[in-house]
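Here's the structure, in structure tokens; my notes come after.
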Amino acid sequence: MVLPQYCCPLCKSSQNSLILKNKRREFYFCSHCSLTFVPDSFHLSLDEEFDRYTKHKNSSDDSNYKKFLMTLVAPLLGKAVDGVSWKGLDFGSGASDTLSLIMREEGHEFYSYDPFFKDEKTLLETKYDVITCSETIEHFSNPDLEWEKLWSLLRPNGILAVMTQFRSFEKKFSDWWYIRDLTHVSFFSKTTFDWLAERDHLKSSRHGNSVIMFEKRN
């Protein structure tokens, strides 16, 4: 049996191998950048994707959701300078403004953008000091293009703060709960993020097993 040849959607390498095939999807691992990805032929349609997002119960009134977002917000605020207000964008916010509200309460000018719920194109025509990507990057069907887009929106010395579940190579991939969400199509490992940092000359710092921050080196 000849397997189809896929290019990695992040680094464009063809050095990929099939690591899992289930009833719904196939998963490939890129040996060049260590991204695990689902080929676009197995992606949901935009209507199917939107329907699944409408079922998310993320609300600013939910204390557990706010606590979850603090996993990203707390280390990000640790980089803030007293008396300096950031202009920031929460990219892929979903229907909720919760993260932006938290940052505004801390004195920062923050906006929310989401291609399904808050598709205000003018927000993508300005520059920001900080961009947050909370549980968003795993949904990127074209992670290379989305990554370039994020950096094009950042000012010099800007911060990109990402929260996603890092793929572990110590546990069986087929047992990982994260792959059960059919809207998750790009799975980043620590090695993938290290590869991006080296390629793009970025400073990076990891915070636990789900948060990583990037800054352009001077």
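By order of appearance in the structure tokens: chains A, B, ..., then residues from 1 within every chain, and ligands from 1 in the order shown.
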From the DSSP assignment of the backbone, select every residue of range 72-213 of chain A that is helix (DSSP H, G or I), and format the answer as number ranges by chain. A: 72-77, 98-105, 121-124, 137-139, 143-152, 173-175, 177-180, 190-199
Enumerate, in order of chain and increasing residue number, the residues of range 24-70 of chain A with an atom no farther than 12 Å from range 211-216 of chain A, each with its shortest atom pair and distance in Å to one decimal, counting only C-alpha atoms, as a Markdown table.
| residue | atom | partner | partner_atom | distance |
| --- | --- | --- | --- | --- |
| A:Phe68 | CA | A:Val211 | CA | 11.6 |
| A:Leu69 | CA | A:Val211 | CA | 10.6 |
| A:Met70 | CA | A:Val211 | CA | 10.7 |
So what do you get for CA of Asp82 in chain A versus CA of Glu106 in chain A, distance-wise?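 One can read the CA of Asp82 in chain A to CA of Glu106 in chain A distance as 10.9 Å.
For range 182-218 of chain A, the set of residues given strand (DSSP E) by DSSP on the backbone reads Ser186, Phe187, Leu202, Lys203, Ser204, Ser205, Arg206, His207, Val211, Ile212, Met213, Phe214, Glu215 and Lys216 of chain A.
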For Asp129 in chain A, find every residue with an atom within 7 Å (counting only C-alpha atoms), except residues of its own chain fewer than 5 positions away, and show them as a ChimeraX atom specification. /A:86-88,154-155,158-159
Selected residue, from A:Trp177, A:Phe110, A:Tyr65, A:Tyr6, that lies nearest to Ser85 in chain A when counting only C-alpha atoms: A:Phe110
Residue with smallest distance to Leu10 in chain A - pool A:Ala161, A:Ile137, A:Ala80, A:Leu72, counting only C-alpha atoms: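 Of the candidates, the smallest distance to Leu10 in chain A is held by A:Ile137.
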A:Thr183, A:Val73, A:Leu150, A:Gly107 ranked by distance to Phe91 in chain A, top pick (using only C-alpha atoms): A:Leu150
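CA of Glu125 in chain A to CA of Ser96 in chain A spans 21.5 Å [interatomic distance, one decimal].
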For each of A:Cys133, A:Trp151, A:Leu182, A:Thr71, take the minimum atom-to-atom distance to Asn209 in chain A, counting only C-alpha atoms, then give the residue where this is smallest. A:Thr71
I'd like the interatomic distance between CA of Tyr113 in chain A and CA of Leu89 in chain A, to a tenth of an Å.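 These atoms are spaced 7.0 Å apart.
Minimum atom-to-atom distances from A:Asp144, A:Arg104, A:Ala74, A:Lys55 to Ser13 in chain A were compared using only C-alpha atoms, and the lowest value belongs to A:Asp144.
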Need the shell around Ser45 in chain A: protein/DNA/RNA residues with any atom at most 12 Å away, counting only C-alpha atoms. Skip same-chain ones fewer than 4 positions apart. Format as a list of chain:residue names? A:Asp40, A:Ser41, A:Glu49, A:Phe50, A:Asp51, A:Arg52, A:Ser141, A:Leu182, A:Thr183
Save the residues we just selected, N, CA and C atoms, as an mmCIF file, in the first residue's frame?
data_model
loop_
_atom_site.group_PDB
_atom_site.id
_atom_site.type_symbol
_atom_site.label_atom_id
_atom_site.label_comp_id
_atom_site.auth_asym_id
_atom_site.auth_seq_id
_atom_site.Cartn_x
_atom_site.Cartn_y
_atom_site.Cartn_z
ATOM 1 N N ASP A 40 -5.351 18.121 5.668
ATOM 2 C CA ASP A 40 -6.575 18.909 5.498
ATOM 3 C C ASP A 40 -7.728 18.124 4.891
ATOM 4 N N SER A 41 -7.444 16.996 4.247
ATOM 5 C CA SER A 41 -8.529 16.186 3.701
ATOM 6 C C SER A 41 -9.405 15.581 4.801
ATOM 7 N N GLU A 49 -17.108 23.112 11.887
ATOM 8 C CA GLU A 49 -16.214 23.673 12.902
ATOM 9 C C GLU A 49 -16.943 24.719 13.728
ATOM 10 N N PHE A 50 -17.644 25.617 13.069
ATOM 11 C CA PHE A 50 -18.393 26.662 13.764
ATOM 12 C C PHE A 50 -19.436 26.054 14.700
ATOM 13 N N ASP A 51 -20.116 25.024 14.232
ATOM 14 C CA ASP A 51 -21.141 24.375 15.056
ATOM 15 C C ASP A 51 -20.545 23.830 16.342
ATOM 16 N N ARG A 52 -19.360 23.272 16.268
ATOM 17 C CA ARG A 52 -18.716 22.741 17.474
ATOM 18 C C ARG A 52 -18.311 23.867 18.421
ATOM 19 N N SER A 141 -5.253 25.329 10.723
ATOM 20 C CA SER A 141 -5.145 24.399 9.600
ATOM 21 C C SER A 141 -3.931 24.724 8.729
ATOM 22 N N LEU A 182 -12.249 17.053 17.224
ATOM 23 C CA LEU A 182 -12.049 17.037 15.766
ATOM 24 C C LEU A 182 -11.645 18.396 15.203
ATOM 25 N N THR A 183 -11.718 19.450 16.007
ATOM 26 C CA THR A 183 -11.247 20.760 15.554
ATOM 27 C C THR A 183 -9.754 20.950 15.826
#
